[in-house]
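Have a look at the structure below before the remarks.
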Amino acid sequence: MRKFISAILIGACALTYANAQTQFPVTSPDGSISLVLKLKDKELYYEVEKNGVKVLVEAPIRLTIDESELCNSVEVLSSDTYKTDNTYPIRGSHSLAVDKSNGQIIKLRNNSLKTDFSLEARAYNDGVAFRMILSGKQGEIRTPDEHTLFTLPVGSTVWYHDMYCHYEGIHQKKDISEIMQGEWAAPPVTVQLPGESGYLCITESALMNYAGMSLQANGKNGFETKLGHAQPAGYPFAHDYSLAEARRLSKPAALAGTITTPWRTIIIADNLNELVNSDLITNLAPAPDKRLFPKGINTDWIKPGRSVWCWLDGGARTVEGMKEFSKLAGELGFEYNTVDAFWYRWTDEQLKDLVDYSAQFGVKIWLWRHGRDMRDPQKRKELFERCRRLGIVGLKLDAFSHESKEFVDLYQSCLKEAAEYKLMLNIHGSNKPAGEVRTWPNEMSREGIRGLEYGKNQYEWSTHNTTLPFTRLVAGAGDYTPVVFGERRLETSWVHQVATALVFNSSVIFFGSHPKTMLDNPAVKLLKQIPATWDETVVLPSSRIGEVAAFARRSGKTWFLAVLNGQEERSLQFPLSFLGDGWYEGMVLNDRPSDAAAIKTERVFCRKSDALTGYMRTGGGYIVMFTPQE
């Protein structure tokens with residue numbers, strides 16, 4: 001009896017303590033970053049600090065259920081802490097991710113609604129994240145919506161683009177005070193903190209069974225969370241669907257059972273190297289299903305590589321034309337040939353003929369398919385079965401262009417079912433990545449980026465290209481369809497074009513150029529050597545968002561220095577301290593000052609104690625491939 005009374009007293013004391021506590025800090029393992037969750041007047045707030053300085057100002061956390069606010073009239077029931085500490089293989093800026101964090105789960109009750117829910121938060125050495133969990137009974141249907149704020153310090157600089165082209169916009173650079181109320185921002189949104197004191201990147205992870213998140217400026221130095229139904233249906237959706245569809249998808253989606261929001265993630269970095277190398281987004285995504293992916297990203301049928309593609313730069317859109325593309329792909333040492341929509345009229349015999357012919361050159365076939373054909377589960381199954389039967393290894397699925405829960409569910413269904421048929425996917429007309437490369441290793445790339453398909457509908461490329469590595473590509477792989485040598489490249493040089501294939505992540509690189517054009521280019525020796533995955537990335541200090549993107553990247557023992565230059569001609573010195581010990585032979589690709597459509601090649605021998613100076617014209621580039629010498 002005494003033990004029973006003691007247990008009641010201990011429980012009552014714990015509950016009293018929890019109710020008395022109004023701040024719940026979660027601190028990173030190295031102690032530098034703190035996410036502070038607060039209860040003020042029975043409402044939920046948060047703020048984020050790094051080294052004692054606020055990097056996100058106090059702001060409310062807002063989640064509604066069936067239009068009723070969940071995060072007010074709140075009391076704390078309990079708080080439990082935990083840790084994560086593991087590593088896992090990954091594709092992106094490096095090959096091994098580190099997942100080390102301190103976490104906290106706060107159990108809460110909304111007394112007005114008589115509803116219990118949880119707020120889960122984590123702090124890593126490279127950022128913070130939080131999400132909401134609302135338990136539900138089987139068959140219980142409820143409709144969530146969100147209005148959480150991200151409030152930036154005064155003097156912050158923001159790179160963002162609107163939603164008119166969905167996730168294929170051109171980034172603007174503005175002081176946060178200049179961003180007008182109502183402006184849309186497609187995550188990831190990159191921020192330089194006042195006084196050049198570091199960077200933030202706001203986006204989401206583990207997006208599933210929920211609508212995607214975009215942001216809308218509140219005119220008070222902040223952005224408000226907006227879910228997919230509230231986003232404007234942009235030009236790509238209007239092109240492929242209808243006004244009736246847009247109206248239907250503009251209503252919040254009802255969810256059955258437990259509601260778990262995606263993680264709201266804030267990468268926090270002292271410099272651009274830390275920003276690019278963050279593991280935060282994949283750390284928060286679920287690990288892959290071992291039944292489908294027994295070796296994770298190293299599952300045997302998942303093969304990163306490079307592909308030719310007949311669309312941007314000419315080529316005969318026939319079976320014979322695609323046979324020629326496969327033969328040329330083999331000469332380049334590329335692994336794949338992606339066949340666009342014109343295959344629709346071909347028979348199984350013609351497709352199998354192309355697959356078998358291509359195999360002679362070590363080349364396998366991907367096919368393009370419109371997203372409309374993916375919405376019917378039976379049609380999906382028939383397509384996936386047909387591909388497996390004919391020896392097709394991957395599909396480029398296009399024209400999703402919406403972030404409603406219905407379309408997010410479609411992404412997940414396609415990835416899961418494709419994996420069951422051992423098919424790789426490249427999703428176009430898409431939203432931003434949210435950690436899918438970890439959960440679904442068969443996603444080799446996705447668009448959600450303004451790439452060379454826009455061609456002449458672009459006033460210039462160089463500012464855009466030197467912005468992307470620190471904005472959109474922080475979230476994950478982007479199929480920019482890089483490298484063209486004709487007029488589509490606008491003001492950029494040939495060296496700049498080749499460098500994009502080294503700087504922009506994509507686990508299968510779908511090259512825009514005609515393969516014969518690549519074979520005839522002075523850069524062909526390097527083009528044949530470009531890897532699709534990286535073991536290590538170092539962003540060099542000379543990098544500036546929208547001005548210079550200077551990356552040193554290692555694949556195996558070979559290092560590549562790849563530099564994209566913006567709108568000003570410049571010469572930069574690059575210390576080679578990233579190299580290993582010993583001597584390296586360097587193959588150098590330089591701009592020619594008088595001709596953007598030309599490449600000056602050189603040969604150098606160097607060590608990590610050396611430095612190289614690269615001249616770059618407006619819109620130019622600089623590349624060195626370093627091969628270790630025994």
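Following the order of the structure tokens, first chain is A, next is B, and so on, with residues numbered from 1 inside each chain and ligands from 1 in the order they appear.
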Filtered DSSP result for region 291-493 of chain A, state alpha helix (DSSP H), as number ranges by chain: A: 319-332, 348-359, 377-390, 405-420, 436-439, 462-465
Expected answer as a PyMOL selection string: strand (DSSP E or B) residues in region 412-522 of chain A: chain A and resi 424-427+443-446+508-510
Residues within 9 Å of region 511-522 of chain A, only C-alpha atoms, excluding chain neighbours under 5 positions, as a ChimeraX atom specification: /A:306-315,325,328-329,331-332,452-453,480-486,501,527-528,598-601
Take the residues that were just selected and, keeping N, CA and C atoms, output them as a JSON list (two decimals), in the first residue's frame.
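This went into result_25.json:
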[["chain", "number", "residue", "atom", "x", "y", "z"],
["A", 306, "ARG", "N", 25.76, 7.55, -65.67],
["A", 306, "ARG", "CA", 25.57, 8.70, -66.55],
["A", 306, "ARG", "C", 24.75, 8.26, -67.75],
["A", 307, "SER", "N", 23.91, 9.17, -68.22],
["A", 307, "SER", "CA", 23.00, 8.82, -69.31],
["A", 307, "SER", "C", 23.05, 9.86, -70.42],
["A", 308, "VAL", "N", 22.94, 9.39, -71.66],
["A", 308, "VAL", "CA", 22.66, 10.28, -72.78],
["A", 308, "VAL", "C", 21.15, 10.43, -72.87],
["A", 309, "TRP", "N", 20.72, 11.49, -73.56],
["A", 309, "TRP", "CA", 19.29, 11.80, -73.62],
["A", 309, "TRP", "C", 19.00, 12.61, -74.87],
["A", 310, "CYS", "N", 18.11, 12.09, -75.69],
["A", 310, "CYS", "CA", 17.75, 12.77, -76.94],
["A", 310, "CYS", "C", 16.56, 13.68, -76.69],
["A", 311, "TRP", "N", 16.86, 14.95, -76.48],
["A", 311, "TRP", "CA", 15.78, 15.93, -76.36],
["A", 311, "TRP", "C", 16.29, 17.34, -76.60],
["A", 312, "LEU", "N", 17.31, 17.75, -75.84],
["A", 312, "LEU", "CA", 17.75, 19.14, -75.89],
["A", 312, "LEU", "C", 18.59, 19.46, -77.11],
["A", 313, "ASP", "N", 19.33, 18.48, -77.62],
["A", 313, "ASP", "CA", 20.41, 18.78, -78.56],
["A", 313, "ASP", "C", 20.34, 17.95, -79.83],
["A", 314, "GLY", "N", 19.13, 17.57, -80.23],
["A", 314, "GLY", "CA", 18.98, 16.87, -81.49],
["A", 314, "GLY", "C", 19.18, 15.37, -81.38],
["A", 315, "GLY", "N", 18.93, 14.70, -82.50],
["A", 315, "GLY", "CA", 19.00, 13.25, -82.56],
["A", 315, "GLY", "C", 17.74, 12.69, -83.17],
["A", 325, "PHE", "N", 22.43, 6.38, -80.36],
["A", 325, "PHE", "CA", 22.71, 7.03, -79.08],
["A", 325, "PHE", "C", 23.35, 6.04, -78.10],
["A", 328, "LEU", "N", 26.98, 5.48, -79.09],
["A", 328, "LEU", "CA", 27.80, 6.63, -78.70],
["A", 328, "LEU", "C", 27.96, 6.72, -77.19],
["A", 329, "ALA", "N", 26.90, 6.35, -76.45],
["A", 329, "ALA", "CA", 27.00, 6.32, -74.99],
["A", 329, "ALA", "C", 28.08, 5.34, -74.57],
["A", 331, "GLU", "N", 30.73, 4.56, -76.28],
["A", 331, "GLU", "CA", 32.03, 5.18, -76.57],
["A", 331, "GLU", "C", 32.42, 6.18, -75.47],
["A", 332, "LEU", "N", 31.44, 6.82, -74.87],
["A", 332, "LEU", "CA", 31.71, 7.75, -73.77],
["A", 332, "LEU", "C", 31.96, 7.03, -72.45],
["A", 452, "LEU", "N", 18.50, 23.16, -67.86],
["A", 452, "LEU", "CA", 18.73, 23.56, -69.25],
["A", 452, "LEU", "C", 17.53, 23.33, -70.17],
["A", 453, "GLU", "N", 16.51, 22.61, -69.70],
["A", 453, "GLU", "CA", 15.31, 22.47, -70.52],
["A", 453, "GLU", "C", 14.66, 23.83, -70.81],
["A", 480, "TYR", "N", 19.28, 18.66, -63.47],
["A", 480, "TYR", "CA", 19.41, 19.91, -64.22],
["A", 480, "TYR", "C", 19.58, 19.62, -65.72],
["A", 481, "THR", "N", 19.75, 18.36, -66.08],
["A", 481, "THR", "CA", 20.14, 17.93, -67.44],
["A", 481, "THR", "C", 21.32, 18.76, -67.93],
["A", 482, "PRO", "N", 22.48, 18.63, -67.28],
["A", 482, "PRO", "CA", 23.60, 19.55, -67.51],
["A", 482, "PRO", "C", 24.33, 19.31, -68.82],
["A", 483, "VAL", "N", 25.07, 20.31, -69.23],
["A", 483, "VAL", "CA", 26.08, 20.30, -70.29],
["A", 483, "VAL", "C", 25.46, 20.37, -71.69],
["A", 484, "VAL", "N", 25.50, 21.56, -72.26],
["A", 484, "VAL", "CA", 25.26, 21.74, -73.68],
["A", 484, "VAL", "C", 26.36, 22.67, -74.21],
["A", 485, "PHE", "N", 26.68, 22.54, -75.48],
["A", 485, "PHE", "CA", 27.75, 23.34, -76.06],
["A", 485, "PHE", "C", 27.24, 24.32, -77.12],
["A", 486, "GLY", "N", 25.92, 24.30, -77.38],
["A", 486, "GLY", "CA", 25.35, 25.20, -78.38],
["A", 486, "GLY", "C", 24.75, 26.45, -77.76],
["A", 501, "ALA", "N", 28.28, 19.56, -64.37],
["A", 501, "ALA", "CA", 28.11, 18.12, -64.16],
["A", 501, "ALA", "C", 28.93, 17.63, -62.97],
["A", 527, "LEU", "N", 35.04, 14.37, -69.67],
["A", 527, "LEU", "CA", 33.64, 13.95, -69.67],
["A", 527, "LEU", "C", 33.50, 12.45, -69.43],
["A", 528, "LYS", "N", 34.41, 11.69, -69.98],
["A", 528, "LYS", "CA", 34.38, 10.23, -69.80],
["A", 528, "LYS", "C", 34.67, 9.83, -68.36],
["A", 598, "ALA", "N", 35.29, 27.51, -76.52],
["A", 598, "ALA", "CA", 36.61, 26.92, -76.71],
["A", 598, "ALA", "C", 37.16, 26.57, -75.34],
["A", 599, "ILE", "N", 38.12, 25.66, -75.31],
["A", 599, "ILE", "CA", 38.72, 25.21, -74.06],
["A", 599, "ILE", "C", 40.23, 25.16, -74.23],
["A", 600, "LYS", "N", 40.93, 25.72, -73.27],
["A", 600, "LYS", "CA", 42.39, 25.62, -73.22],
["A", 600, "LYS", "C", 42.74, 24.52, -72.23],
["A", 601, "THR", "N", 43.45, 23.50, -72.69],
["A", 601, "THR", "CA", 43.82, 22.38, -71.81],
["A", 601, "THR", "C", 45.30, 22.45, -71.48]]
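Residues within 10 Å of Asp409 (chain A), counting only C-alpha atoms and excluding same-chain residues fewer than 4 positions away, are Leu207, Met208, Asn209, Tyr210, Ala211, Glu403, Ser404, Lys405, Ser413, Cys414 and Leu415 of chain A.
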Write the residues of the selection above to a file with C-alpha atoms, as a PDB file, in the first residue's frame.
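Dumped everything to result.pdb:
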ATOM      1  CA  LEU A 207       7.505  14.067 -46.348  1.00  0.00           C
ATOM      2  CA  MET A 208       4.947  11.268 -46.561  1.00  0.00           C
ATOM      3  CA  ASN A 209       1.214  10.832 -45.919  1.00  0.00           C
ATOM      4  CA  TYR A 210       1.014  14.631 -45.735  1.00  0.00           C
ATOM      5  CA  ALA A 211       1.021  17.669 -48.017  1.00  0.00           C
ATOM      6  CA  GLU A 403       2.460  19.312 -53.527  1.00  0.00           C
ATOM      7  CA  SER A 404      -0.970  18.275 -52.303  1.00  0.00           C
ATOM      8  CA  LYS A 405      -1.125  15.131 -50.183  1.00  0.00           C
ATOM      9  CA  SER A 413       3.448   4.781 -54.357  1.00  0.00           C
ATOM     10  CA  CYS A 414       5.593   5.110 -57.468  1.00  0.00           C
ATOM     11  CA  LEU A 415       8.833   4.719 -55.513  1.00  0.00           C
TER      12      LEU A 415
END
Close residues, region 435-437 of chain A itself excluded, 8 Å, only C-alpha atoms, min 6 positions apart in chain, as a ChimeraX atom specification: /A:90-91,205-206,281-285,443-444,475-476
Next, the residues of the selection above should be written as an mmCIF file, in the first residue's frame with C-alpha atoms.
data_model
loop_
_atom_site.group_PDB
_atom_site.id
_atom_site.type_symbol
_atom_site.label_atom_id
_atom_site.label_comp_id
_atom_site.auth_asym_id
_atom_site.auth_seq_id
_atom_site.Cartn_x
_atom_site.Cartn_y
_atom_site.Cartn_z
ATOM 1 C CA ILE A 90 24.448 7.821 -48.517
ATOM 2 C CA ARG A 91 24.679 9.406 -51.976
ATOM 3 C CA SER A 205 12.283 16.036 -44.263
ATOM 4 C CA ALA A 206 10.342 12.761 -44.178
ATOM 5 C CA ILE A 281 17.711 16.122 -44.125
ATOM 6 C CA THR A 282 18.657 12.480 -44.711
ATOM 7 C CA ASN A 283 19.222 11.879 -40.969
ATOM 8 C CA LEU A 284 15.561 12.678 -40.333
ATOM 9 C CA ALA A 285 14.242 10.521 -43.179
ATOM 10 C CA GLU A 443 15.254 7.530 -56.544
ATOM 11 C CA MET A 444 18.375 8.477 -58.491
ATOM 12 C CA ALA A 475 18.093 19.574 -50.159
ATOM 13 C CA GLY A 476 19.256 16.771 -52.456
#
Surrounding residues of region 239-248 of chain A excluding itself and chain neighbours under 4 positions, 9 Å, only C-alpha atoms, as number ranges by chain: A: 229, 232-235, 372, 399-401
Residues within 7 Å of region 183-197 of chain A, only C-alpha atoms, excluding chain neighbours under 3 positions, as a list in words: Gly155, Ser156, Thr157, Val158, Trp159, Tyr160, His161, Asp162, Met163, Tyr167, Ile179, Met180, Leu200, Cys201, Ile202, Thr203, Ser214, Leu215, Gln216, Ala217, Asp270, Thr471, Arg472 and Ala475 of chain A
Each region 364-455 of chain A residue no farther than 7 Å from region 333-341 of chain A, nearest pair in Å, only C-alpha atoms, as a Markdown table:
| residue | atom | partner | partner_atom | distance |
| --- | --- | --- | --- | --- |
| A:Lys364 | CA | A:Tyr336 | CA | 4.8 |
| A:Ile365 | CA | A:Asn337 | CA | 5.1 |
| A:Trp366 | CA | A:Thr338 | CA | 4.5 |
| A:Leu367 | CA | A:Val339 | CA | 4.9 |
| A:Trp368 | CA | A:Asp340 | CA | 4.9 |
| A:Arg369 | CA | A:Ala341 | CA | 6.6 |
Kindly save the residues from that selection, with all heavy atoms included, as a compact mmCIF listing (two decimals), in the first residue's frame.
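File produced: again30.txt:
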# COMPACT_ATOMS: atom_id res chain seq x y z
N LYS A 364 22.37 0.50 -70.69
CA LYS A 364 21.02 0.07 -70.35
C LYS A 364 20.04 1.22 -70.61
O LYS A 364 20.43 2.37 -70.70
CB LYS A 364 20.96 -0.41 -68.91
CG LYS A 364 21.84 -1.64 -68.68
CD LYS A 364 21.79 -2.14 -67.25
CE LYS A 364 22.68 -3.37 -67.10
NZ LYS A 364 22.66 -3.89 -65.70
N ILE A 365 18.75 0.89 -70.65
CA ILE A 365 17.73 1.83 -71.15
C ILE A 365 16.81 2.31 -70.03
O ILE A 365 16.32 1.53 -69.22
CB ILE A 365 16.89 1.17 -72.26
CG1 ILE A 365 17.79 0.75 -73.44
CG2 ILE A 365 15.77 2.10 -72.73
CD1 ILE A 365 18.51 1.90 -74.11
N TRP A 366 16.59 3.63 -70.03
CA TRP A 366 15.55 4.29 -69.25
C TRP A 366 14.47 4.78 -70.21
O TRP A 366 14.77 5.11 -71.38
CB TRP A 366 16.11 5.51 -68.52
CG TRP A 366 16.97 5.24 -67.34
CD1 TRP A 366 18.16 4.57 -67.30
CD2 TRP A 366 16.73 5.69 -65.99
NE1 TRP A 366 18.68 4.57 -66.03
CE2 TRP A 366 17.83 5.26 -65.20
CE3 TRP A 366 15.72 6.43 -65.39
CZ2 TRP A 366 17.93 5.53 -63.84
CZ3 TRP A 366 15.81 6.70 -64.04
CH2 TRP A 366 16.90 6.25 -63.27
N LEU A 367 13.23 4.88 -69.72
CA LEU A 367 12.12 5.39 -70.52
C LEU A 367 11.42 6.55 -69.79
O LEU A 367 11.30 6.53 -68.57
CB LEU A 367 11.07 4.30 -70.79
CG LEU A 367 11.53 3.05 -71.56
CD1 LEU A 367 10.38 2.06 -71.65
CD2 LEU A 367 12.04 3.41 -72.95
N TRP A 368 10.95 7.52 -70.57
CA TRP A 368 10.15 8.65 -70.04
C TRP A 368 8.68 8.25 -70.02
O TRP A 368 8.19 7.56 -70.91
CB TRP A 368 10.34 9.86 -70.93
CG TRP A 368 9.62 11.11 -70.51
CD1 TRP A 368 10.12 12.12 -69.75
CD2 TRP A 368 8.28 11.50 -70.84
NE1 TRP A 368 9.19 13.12 -69.58
CE2 TRP A 368 8.04 12.76 -70.24
CE3 TRP A 368 7.25 10.91 -71.58
CZ2 TRP A 368 6.83 13.43 -70.36
CZ3 TRP A 368 6.04 11.57 -71.70
CH2 TRP A 368 5.84 12.83 -71.10
N ARG A 369 7.95 8.73 -68.98
CA ARG A 369 6.50 8.50 -68.94
C ARG A 369 5.83 9.67 -68.24
O ARG A 369 6.33 10.21 -67.26
CB ARG A 369 6.19 7.21 -68.17
CG ARG A 369 4.76 6.72 -68.36
CD ARG A 369 4.58 6.02 -69.70
NE ARG A 369 3.20 5.67 -69.97
CZ ARG A 369 2.82 4.83 -70.92
NH1 ARG A 369 3.73 4.26 -71.70
NH2 ARG A 369 1.56 4.55 -71.13
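Take CA of Leu227 (chain A) and CA of Glu146 (chain A): the distance between them is 6.8 Å.
Take the candidates A:Leu397, A:Ala121, A:Leu280, A:Val319 and check each one against Ser358 (chain A) using only C-alpha atoms; the shortest distance goes to A:Val319.
The interatomic distance for the pair CA of Phe560 (chain A) and CA of Glu536 (chain A) works out to 10.5 Å.
Reported to one decimal place, the separation of CA of Ser506 (chain A) from CA of Phe574 (chain A) is 25.1 Å.
Minimum atom-to-atom distances from A:Leu540, A:Ala287, A:Ala254, A:Val624 to Ala499 (chain A) were compared using only C-alpha atoms, and the lowest value belongs to A:Val624.
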